[in-house]
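Asker: First the structure, which I've put down as structure tokens, then a few questions once you've had a look.
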Amino acid sequence: MVSQNQPPKQDNPKRQWSLRDFEIGKPLGKGKFGRVYVAREVKSKYIVALKVIFKEQIEKYRMHHQLRREMEIQTSLQHPNILRLYGWFHDDERIFLILEYAHNGELYNELRKKGHLTEKQAATYILSLTKALAYCHEKHVIHRDIKPENLLLDHEGRLKIADFGWSVQSKSKRNTMCGTLDYLAPEMVANKEHDFAVDNWTLGILCYEFLYGSPPFEAESQVDTFKRILRIDLNFPSAPTVSSDAKNLISRLLVKESSRRLSLQKIMEHPWILKNADPTDVCNK
Ligand code: AMP
């Protein structure tokens, strides 16, 4: 059960949290830098996810400054489709991040369980992501490294972007695919300058993956994926059946010339989104 109480707001921004403020529950997962537990704030009974990061690991990978900057960015982002970071504290060995709890876990697991998603569900997730990215871009935050394992679902099934910029440094948790290469825009693969339009590219990749079950440029080796991305070697398999509107949206996002990719505003107005997406962000069909 998710507590209906208010989140552990920092009514006093100087408020110092400590481990004594939380009852720790079951582990939710393990990342490169530590573990994540469900936890309950003692006073409000509010349920959160507590991410425990070992300082030794951060020092080993020299991530200190990057982690601090990303924590500050995430704290300032307040949007229904971005996982909240309510606060943090530390002891001698560990840093604790107080995160919004995503009750339904990784979207990636849902995708693997179902094989592929319905057009309604895929469009709902793409609209949620587009709204969250538009909000980020407005705040000049770009390249959120969106990939399925960084997308979590709350108790209602609402999508939440949960990544930090530094998660690009972490080893991919998926071994069936070629690391993070599948989600990279051609300009990033080619090590060229890139801007916010890399996020629009990734929306095209995710839209394809939601509907077909695997990303469009998947290949046996990283080198082959690399080549397919640079050639925009895009095919639409005959099964599962996908509407021509969806294929149109994907084709207008997976465009080599970044300035010609559909804008976030145009994605929100695309006929496939208007026809299929649930504007409340919640669609379990
Ligand atoms: P990470 O260290 O961020 O890669 O997290 C490891 C795993 O813990 C993730 O893959 C999720 O399954 C789980 N997890 C992380 N954050 C949360 C959260 N806020 N709510 C629920 N599960 C989470």
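Chain lettering (A, B, ...) mirrors the order of the structure tokens, residue numbering begins at 1 for each chain separately, and ligand numbering begins at 1 in order of display.
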Dump the neighbourhood of ligand 1 as a compact mmCIF listing (two decimals) with all heavy atoms, in the first residue's frame: all residues within 6 Å, distances computed on only C-alpha atoms and all ligand atoms.

Answerer:
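Contents of part_26.txt, as written:
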```txt
# COMPACT_ATOMS: atom_id res chain seq x y z
N LEU A 28 14.82 -3.21 -3.26
CA LEU A 28 14.10 -3.08 -4.54
C LEU A 28 15.00 -3.39 -5.72
O LEU A 28 14.51 -3.73 -6.80
CB LEU A 28 13.59 -1.64 -4.69
CG LEU A 28 12.52 -1.20 -3.72
CD1 LEU A 28 12.31 0.31 -3.80
CD2 LEU A 28 11.21 -1.93 -4.03
N GLY A 29 16.28 -3.25 -5.53
CA GLY A 29 17.18 -3.51 -6.65
C GLY A 29 18.59 -3.10 -6.31
O GLY A 29 18.86 -2.55 -5.24
N LYS A 30 19.45 -3.41 -7.25
CA LYS A 30 20.87 -3.17 -7.02
C LYS A 30 21.43 -2.47 -8.25
O LYS A 30 21.18 -2.89 -9.38
CB LYS A 30 21.55 -4.54 -6.86
CG LYS A 30 22.94 -4.50 -6.34
CD LYS A 30 23.38 -5.92 -5.97
CE LYS A 30 24.84 -5.96 -5.59
NZ LYS A 30 25.72 -5.99 -6.74
N GLY A 31 22.13 -1.38 -8.03
CA GLY A 31 22.78 -0.69 -9.14
C GLY A 31 24.28 -0.79 -8.96
O GLY A 31 24.76 -1.44 -8.05
N VAL A 36 18.97 -0.19 -3.51
CA VAL A 36 17.79 0.64 -3.30
C VAL A 36 16.81 -0.15 -2.42
O VAL A 36 16.58 -1.34 -2.68
CB VAL A 36 17.12 0.99 -4.65
CG1 VAL A 36 15.94 1.93 -4.43
CG2 VAL A 36 18.11 1.63 -5.61
N ALA A 49 11.67 5.46 -1.68
CA ALA A 49 12.74 4.52 -2.02
C ALA A 49 14.03 5.17 -1.54
O ALA A 49 14.26 6.35 -1.80
CB ALA A 49 12.78 4.29 -3.52
N LEU A 99 14.16 9.03 -2.53
CA LEU A 99 13.50 9.09 -3.84
C LEU A 99 12.02 8.75 -3.74
O LEU A 99 11.61 7.99 -2.86
CB LEU A 99 14.15 8.07 -4.78
CG LEU A 99 15.58 8.34 -5.25
CD1 LEU A 99 16.20 7.05 -5.77
CD2 LEU A 99 15.57 9.41 -6.34
N GLU A 100 11.26 9.28 -4.67
CA GLU A 100 9.87 8.86 -4.84
C GLU A 100 9.87 7.35 -5.11
O GLU A 100 10.72 6.84 -5.83
CB GLU A 100 9.31 9.62 -6.06
CG GLU A 100 7.89 9.29 -6.39
CD GLU A 100 7.40 10.12 -7.60
OE1 GLU A 100 8.14 10.98 -8.11
OE2 GLU A 100 6.27 9.87 -8.02
N TYR A 101 8.92 6.66 -4.51
CA TYR A 101 8.84 5.20 -4.67
C TYR A 101 8.01 4.87 -5.91
O TYR A 101 6.86 5.30 -6.04
CB TYR A 101 8.19 4.59 -3.42
CG TYR A 101 7.94 3.11 -3.49
CD1 TYR A 101 8.88 2.25 -4.04
CD2 TYR A 101 6.76 2.58 -3.00
CE1 TYR A 101 8.64 0.89 -4.09
CE2 TYR A 101 6.51 1.20 -3.04
CZ TYR A 101 7.46 0.37 -3.59
OH TYR A 101 7.22 -0.97 -3.65
N ALA A 102 8.61 4.10 -6.81
CA ALA A 102 7.89 3.67 -8.02
C ALA A 102 7.43 2.23 -7.79
O ALA A 102 8.17 1.28 -7.99
CB ALA A 102 8.80 3.78 -9.23
N HIS A 103 6.19 2.11 -7.34
CA HIS A 103 5.64 0.85 -6.86
C HIS A 103 5.67 -0.26 -7.91
O HIS A 103 5.84 -1.44 -7.59
CB HIS A 103 4.19 1.12 -6.41
CG HIS A 103 3.56 0.02 -5.66
ND1 HIS A 103 2.79 -0.93 -6.26
CD2 HIS A 103 3.61 -0.28 -4.35
CE1 HIS A 103 2.38 -1.78 -5.35
NE2 HIS A 103 2.85 -1.41 -4.17
N GLY A 105 7.82 -0.67 -10.37
CA GLY A 105 9.17 -1.02 -10.84
C GLY A 105 9.48 -0.61 -12.27
O GLY A 105 8.92 0.34 -12.80
N GLU A 106 10.40 -1.36 -12.89
CA GLU A 106 10.92 -0.97 -14.20
C GLU A 106 9.95 -1.25 -15.33
O GLU A 106 9.42 -2.37 -15.42
CB GLU A 106 12.20 -1.75 -14.49
CG GLU A 106 13.38 -1.30 -13.67
CD GLU A 106 14.64 -2.11 -13.98
OE1 GLU A 106 14.87 -2.42 -15.17
OE2 GLU A 106 15.36 -2.44 -13.03
```

Asker: Please list as a PyMOL selection string every residue within 9 Å of range 232-248 of chain A, counting only C-alpha atoms and excluding residues in the same chain fewer than 6 positions away.

Answerer: chain A and resi 116+119+123+186+207-208+211-212+216-217+254-256+270-273

Asker: Please save C-alpha atoms of the selected residues as a compact mmCIF listing (two decimals), in the first residue's frame.

Answerer:
```
# COMPACT_ATOMS: atom_id res chain seq x y z
CA HIS A 116 5.40 -5.74 -26.79
CA GLU A 119 -0.64 1.06 -29.28
CA ALA A 123 1.32 6.10 -27.06
CA PRO A 186 23.77 8.95 -35.03
CA CYS A 207 8.35 4.00 -29.57
CA TYR A 208 9.63 1.26 -31.89
CA LEU A 211 5.52 -1.65 -30.24
CA TYR A 212 7.84 -4.37 -31.59
CA PRO A 216 15.18 -1.04 -34.29
CA PHE A 217 18.95 -1.24 -34.80
CA LEU A 254 14.58 8.48 -36.62
CA VAL A 255 15.96 11.08 -39.02
CA LYS A 256 19.71 11.51 -39.41
CA HIS A 270 0.75 13.79 -33.98
CA PRO A 271 -2.41 11.89 -35.07
CA TRP A 272 -1.14 8.62 -33.54
CA ILE A 273 -0.70 10.30 -30.14
```

Asker: Just want the 10 Å neighbourhood of Leu127 in chain A, counted on only C-alpha atoms, with same-chain residues fewer than 3 positions away dropped. Output as a list of chain:residue names.

Answerer: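 Counting only C-alpha atoms, the residues come to A:Gln121, A:Ala122, A:Ala123, A:Thr124, A:Thr130, A:Lys131, A:Ala132, A:Leu133, A:Leu159, A:Leu203, A:Leu264, A:Ile267, A:Met268, A:Glu269, A:Ile273, A:Leu274, A:Asn276, A:Ala277, A:Asp278, A:Pro279, A:Thr280, A:Asp281.
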
Asker: Excluding range 52-58 of chain A and its own-chain neighbours fewer than 4 positions away, which residues fall within 12 Å of it when counting only C-alpha atoms? Please give them as a count of residues only.

Answerer: 37

Asker: Would you please extract all helix (DSSP H, G or I) residues from range 85-176 of chain A, as assigned by DSSP on the backbone, and give them as a ChimeraX atom specification?

Answerer: /A:107-114,119-138,148-150,165-169

Asker: Contacts of His194 in chain A at 12 Å or less, counting only C-alpha atoms, minus same-chain residues fewer than 3 places along, as a PyMOL selection string?

Answerer: chain A and resi 142-143+184-191+197-201+256-259

Asker: Any chance you could list, as an MDAnalysis selection string, the residues in range 8-203 of chain A that come up strand (DSSP E or B) when DSSP is run on the backbone?

Answerer: chainID A and resid 22:31 34:41 47:54 82 85:90 94:100 106 151:153 159:161

Asker: Given the choices A:Gln74, A:Thr202, A:Gln16, A:Asn284, which gets closest to Thr118 in chain A if the distance is worked out from only C-alpha atoms?

Answerer: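 Going through A:Gln74, A:Thr202, A:Gln16, A:Asn284 one by one, the smallest distance to Thr118 in chain A is for A:Asn284.
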
Asker: Compare A:Leu181, A:Leu107, A:Ile47, A:Leu117 by their minimum atom-to-atom distance to Arg228 in chain A, counting only C-alpha atoms, and give me the closest one.

Answerer: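 When distances to Arg228 in chain A are compared using only C-alpha atoms, the smallest one comes from A:Leu181.
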
Asker: Set the distance at 10 Å and use only C-alpha atoms: which residues neighbour Leu83 in chain A once local chain neighbours fewer than 3 positions away are removed? I'd like the list as JSON, numbers by chain.

Answerer: {"A": [74, 75, 77, 78, 79, 80, 86, 99, 100, 101, 102, 151, 152, 153, 154, 159, 160, 161, 162, 163]}
